[in-house]
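Chemist: Take this structure first; my questions come after.
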Amino acid sequence: APTFTANGTVGGPYSVTGTVTGIATPATFSLTNTVGAPATITATGGTPQNATITTAFASPLQATVKDSGGNPVPGVTVTFTAPTSGASGTFNGNGGLNTAAVATDASGVAAPTFTADGTVGGPYTVTATVAGIETPATFSLTNTLGPGATITTNAGGSGSQSTIINTAFPSQLQAIVKTSGGTPVPGVTVTFATPVSGASG
């Protein structure tokens with residue numbers, strides 16, 4: 001009655017036979033090697049990437065879970081977590097939440113879709129974790145304004161003001177940033193630049 005240890009390859013059933021000289025029919029054992037416990041989780045798709053605010057990122061956030069032998073582990077719950085403030089987003093099909101619990105498929109992959117929120121910024125980090133695995137997978141994402149965005153002088157901050165030297169202009173310089181659809185965008189950094197010589201301020 002020997003002890004038998006499975007190798008690092010998942011599969012089966014396969015047969016192990018026991019024979020004795022002079023006996024024509026061997027004893028046959030049907031064995032199957034199954035995957036081990038989850039040991040690693042890595043980001044295997046969807047990072048880094050950009051998306052226009054309030055739109056879905058082009059690629060799902062793909063996390064792959066493997067056992068210590070490098071075999072994919074199906075049926076494992078992966079928890080994805082996005083920042084709760086600032087530039088971030090929500091997971092589709094999860095009620096617009098910043099977290100999602102997704103089971104790995106037969107290839108050990110969990111891949112939810114993710115939609116940018118209305119705040120421009122990044123890169124920010126979304127993590128994917130599995131219970132018992134210390135190091136999470138990380139995804140680097142950025143929310144952008146996208147093509148067609150505009151920056152214009154806001155009412156009251158026109159360029160037609162004048163003032164006496166060494167005094168403040170009567171109205172603040174106001175710029176407004178909008179999406180291509182005309183929606184004002186909060187949280188965008190606007191850089192104001194002045195002439196470096198001659199009349200300036």
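Chain labels run A, B, ... following the order of the structure tokens; each chain numbers its residues from 1, and ligands are numbered from 1 in the order shown.
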What's the 6 Å shell around Lys66 in chain A, counting only C-alpha atoms, without same-chain residues fewer than 5 positions away, as number ranges by chain?

Modeler: A: 38-40, 71-73

Chemist: Counting only C-alpha atoms, what is within 9 Å of range 43-47 of chain A, bar same-chain residues fewer than 6 positions away, as a PDB file with N, CA and C atoms, in the first residue's frame?

Modeler:
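So part-v3.pdb came out as:
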ATOM      1  N   PHE A  57     -14.903  51.764 -19.643  1.00  0.00           N
ATOM      2  CA  PHE A  57     -13.565  51.484 -20.145  1.00  0.00           C
ATOM      3  C   PHE A  57     -13.677  50.422 -21.239  1.00  0.00           C
ATOM      4  N   ALA A  58     -12.816  50.524 -22.248  1.00  0.00           N
ATOM      5  CA  ALA A  58     -12.915  49.650 -23.422  1.00  0.00           C
ATOM      6  C   ALA A  58     -12.715  48.181 -23.079  1.00  0.00           C
ATOM      7  N   SER A  59     -11.828  47.894 -22.141  1.00  0.00           N
ATOM      8  CA  SER A  59     -11.532  46.506 -21.769  1.00  0.00           C
ATOM      9  C   SER A  59     -11.981  46.221 -20.346  1.00  0.00           C
ATOM     10  N   PRO A  60     -12.547  45.039 -20.110  1.00  0.00           N
ATOM     11  CA  PRO A  60     -12.876  44.660 -18.728  1.00  0.00           C
ATOM     12  C   PRO A  60     -11.611  44.594 -17.877  1.00  0.00           C
ATOM     13  N   LEU A  61     -11.779  44.696 -16.562  1.00  0.00           N
ATOM     14  CA  LEU A  61     -10.653  44.550 -15.645  1.00  0.00           C
ATOM     15  C   LEU A  61     -10.464  43.055 -15.397  1.00  0.00           C
ATOM     16  N   GLN A  62      -9.466  42.475 -16.035  1.00  0.00           N
ATOM     17  CA  GLN A  62      -9.299  41.020 -16.022  1.00  0.00           C
ATOM     18  C   GLN A  62      -8.274  40.582 -14.983  1.00  0.00           C
ATOM     19  N   ALA A  63      -8.744  39.815 -13.989  1.00  0.00           N
ATOM     20  CA  ALA A  63      -7.868  39.261 -12.962  1.00  0.00           C
ATOM     21  C   ALA A  63      -7.858  37.742 -13.104  1.00  0.00           C
ATOM     22  N   THR A  64      -6.668  37.136 -13.025  1.00  0.00           N
ATOM     23  CA  THR A  64      -6.522  35.687 -13.172  1.00  0.00           C
ATOM     24  C   THR A  64      -6.007  35.095 -11.868  1.00  0.00           C
ATOM     25  N   VAL A 109     -10.433  33.246 -14.624  1.00  0.00           N
ATOM     26  CA  VAL A 109     -10.499  34.682 -14.913  1.00  0.00           C
ATOM     27  C   VAL A 109     -11.805  35.286 -14.403  1.00  0.00           C
ATOM     28  N   ALA A 111     -13.661  39.065 -14.796  1.00  0.00           N
ATOM     29  CA  ALA A 111     -13.459  40.245 -15.642  1.00  0.00           C
ATOM     30  C   ALA A 111     -14.706  41.117 -15.716  1.00  0.00           C
ATOM     31  N   ALA A 128      -8.011  44.041  -6.962  1.00  0.00           N
ATOM     32  CA  ALA A 128      -8.758  42.789  -7.021  1.00  0.00           C
ATOM     33  C   ALA A 128      -8.138  41.851  -5.998  1.00  0.00           C
ATOM     34  N   PRO A 136      -2.747  41.799  -3.686  1.00  0.00           N
ATOM     35  CA  PRO A 136      -3.858  41.944  -4.656  1.00  0.00           C
ATOM     36  C   PRO A 136      -3.339  42.192  -6.064  1.00  0.00           C
ATOM     37  N   ALA A 137      -4.215  42.040  -7.034  1.00  0.00           N
ATOM     38  CA  ALA A 137      -3.944  42.513  -8.394  1.00  0.00           C
ATOM     39  C   ALA A 137      -4.353  43.973  -8.438  1.00  0.00           C
ATOM     40  N   THR A 138      -3.635  44.774  -9.211  1.00  0.00           N
ATOM     41  CA  THR A 138      -3.956  46.201  -9.289  1.00  0.00           C
ATOM     42  C   THR A 138      -4.122  46.638 -10.738  1.00  0.00           C
ATOM     43  N   PHE A 139      -5.040  47.578 -10.931  1.00  0.00           N
ATOM     44  CA  PHE A 139      -5.339  48.126 -12.248  1.00  0.00           C
ATOM     45  C   PHE A 139      -5.149  49.638 -12.188  1.00  0.00           C
ATOM     46  N   SER A 140      -4.442  50.197 -13.174  1.00  0.00           N
ATOM     47  CA  SER A 140      -4.174  51.630 -13.231  1.00  0.00           C
ATOM     48  C   SER A 140      -5.088  52.259 -14.276  1.00  0.00           C
ATOM     49  N   LEU A 141      -5.975  53.167 -13.818  1.00  0.00           N
ATOM     50  CA  LEU A 141      -6.996  53.737 -14.688  1.00  0.00           C
ATOM     51  C   LEU A 141      -6.996  55.260 -14.609  1.00  0.00           C
TER      52      LEU A 141
END

Chemist: Please, what distance in Å, to one decimal, runs between CA of Leu173 in chain A and CA of Phe192 in chain A?

Modeler: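 Straight-line distance from CA of Leu173 in chain A to CA of Phe192 in chain A works out to 9.0 Å.
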
Chemist: Each residue of range 20-76 of chain A lying at most 9 Å from range 5-9 of chain A should get a row with its shortest atom-to-atom pair and the distance in Å to one decimal, counting only C-alpha atoms; could you produce that, ordered by chain and increasing number, as CSV?

Modeler:
residue,atom,partner,partner_atom,distance
A:Leu31,CA,A:Ala6,CA,9.0
A:Thr32,CA,A:Ala6,CA,8.3
A:Asn33,CA,A:Ala6,CA,6.1
A:Thr34,CA,A:Thr9,CA,8.3
A:Val35,CA,A:Thr9,CA,8.4
A:Ser68,CA,A:Gly8,CA,8.8
A:Gly69,CA,A:Gly8,CA,5.6
A:Gly70,CA,A:Gly8,CA,8.4
A:Asn71,CA,A:Thr9,CA,7.8

Chemist: Considering only C-alpha atoms, state which residue in the set A:Pro26, A:Pro123, A:Gly18, A:Pro2 is at the smallest distance from Pro48 in chain A.

Modeler: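 Nearest candidate to Pro48 in chain A out of A:Pro26, A:Pro123, A:Gly18, A:Pro2: A:Pro123.
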
Chemist: Measure the distance from CA of Pro74 in chain A to CA of Asp105 in chain A in Å and round it to one decimal.

Modeler: 5.1 Å

Chemist: Tell me, as a list in words, which residues lie within 10 Å of Ala82 in chain A, counting only C-alpha atoms; anything in the same chain fewer than 5 positions away does not count.

Modeler: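 Listing them by chain and then by number gives Ala87, Ser88, Gly89, Thr90, Phe91, Leu97, Asn98, Thr99, Ala100, Phe114, Tyr124, Thr125, Val126, Thr127, Ala128, Phe139 and Leu141 of chain A.
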
Chemist: Would you write out those residues with N, CA, C and O atoms, as a CSV table (one decimal), in the first residue's frame?

Modeler:
chain,number,residue,atom,x,y,z
A,87,ALA,N,-11.5,60.8,-8.7
A,87,ALA,CA,-11.6,60.1,-9.9
A,87,ALA,C,-11.7,58.6,-9.6
A,87,ALA,O,-11.0,58.0,-8.8
A,88,SER,N,-12.8,58.0,-10.1
A,88,SER,CA,-13.0,56.6,-9.8
A,88,SER,C,-14.0,56.1,-10.9
A,88,SER,O,-14.0,56.5,-12.0
A,89,GLY,N,-14.9,55.2,-10.4
A,89,GLY,CA,-15.9,54.6,-11.3
A,89,GLY,C,-16.8,53.6,-10.6
A,89,GLY,O,-16.7,53.4,-9.4
A,90,THR,N,-17.6,52.9,-11.4
A,90,THR,CA,-18.6,51.9,-10.9
A,90,THR,C,-18.5,50.7,-11.7
A,90,THR,O,-18.2,50.7,-12.9
A,91,PHE,N,-18.9,49.6,-11.1
A,91,PHE,CA,-19.0,48.3,-11.8
A,91,PHE,C,-20.4,48.1,-12.4
A,91,PHE,O,-21.4,48.2,-11.7
A,97,LEU,N,-22.2,50.4,-7.9
A,97,LEU,CA,-21.3,50.5,-6.7
A,97,LEU,C,-19.9,50.5,-7.1
A,97,LEU,O,-19.5,50.1,-8.2
A,98,ASN,N,-19.0,50.9,-6.1
A,98,ASN,CA,-17.6,50.9,-6.4
A,98,ASN,C,-16.9,49.6,-6.0
A,98,ASN,O,-15.7,49.5,-6.1
A,99,THR,N,-17.7,48.6,-5.7
A,99,THR,CA,-17.1,47.3,-5.5
A,99,THR,C,-18.0,46.2,-6.2
A,99,THR,O,-19.1,46.5,-6.6
A,100,ALA,N,-17.3,45.1,-6.5
A,100,ALA,CA,-18.0,44.0,-7.2
A,100,ALA,C,-17.4,42.7,-6.8
A,100,ALA,O,-16.1,42.6,-6.7
A,114,PHE,N,-16.2,48.2,-16.2
A,114,PHE,CA,-16.0,49.3,-15.2
A,114,PHE,C,-16.3,50.6,-16.0
A,114,PHE,O,-15.8,50.8,-17.1
A,124,TYR,N,-5.6,56.3,-11.1
A,124,TYR,CA,-6.0,55.8,-9.8
A,124,TYR,C,-6.0,54.3,-9.8
A,124,TYR,O,-5.9,53.7,-10.9
A,125,THR,N,-6.0,53.7,-8.7
A,125,THR,CA,-5.9,52.2,-8.6
A,125,THR,C,-7.2,51.5,-8.2
A,125,THR,O,-7.8,51.9,-7.2
A,126,VAL,N,-7.5,50.5,-9.0
A,126,VAL,CA,-8.6,49.5,-8.6
A,126,VAL,C,-7.9,48.2,-8.2
A,126,VAL,O,-7.0,47.8,-8.9
A,127,THR,N,-8.3,47.6,-7.1
A,127,THR,CA,-7.7,46.4,-6.6
A,127,THR,C,-8.6,45.2,-6.8
A,127,THR,O,-9.8,45.4,-6.8
A,128,ALA,N,-8.0,44.0,-7.0
A,128,ALA,CA,-8.8,42.8,-7.0
A,128,ALA,C,-8.1,41.9,-6.0
A,128,ALA,O,-6.9,41.6,-6.0
A,139,PHE,N,-5.0,47.6,-10.9
A,139,PHE,CA,-5.3,48.1,-12.2
A,139,PHE,C,-5.1,49.6,-12.2
A,139,PHE,O,-5.6,50.3,-11.3
A,141,LEU,N,-6.0,53.2,-13.8
A,141,LEU,CA,-7.0,53.7,-14.7
A,141,LEU,C,-7.0,55.3,-14.6
A,141,LEU,O,-6.7,55.8,-13.6
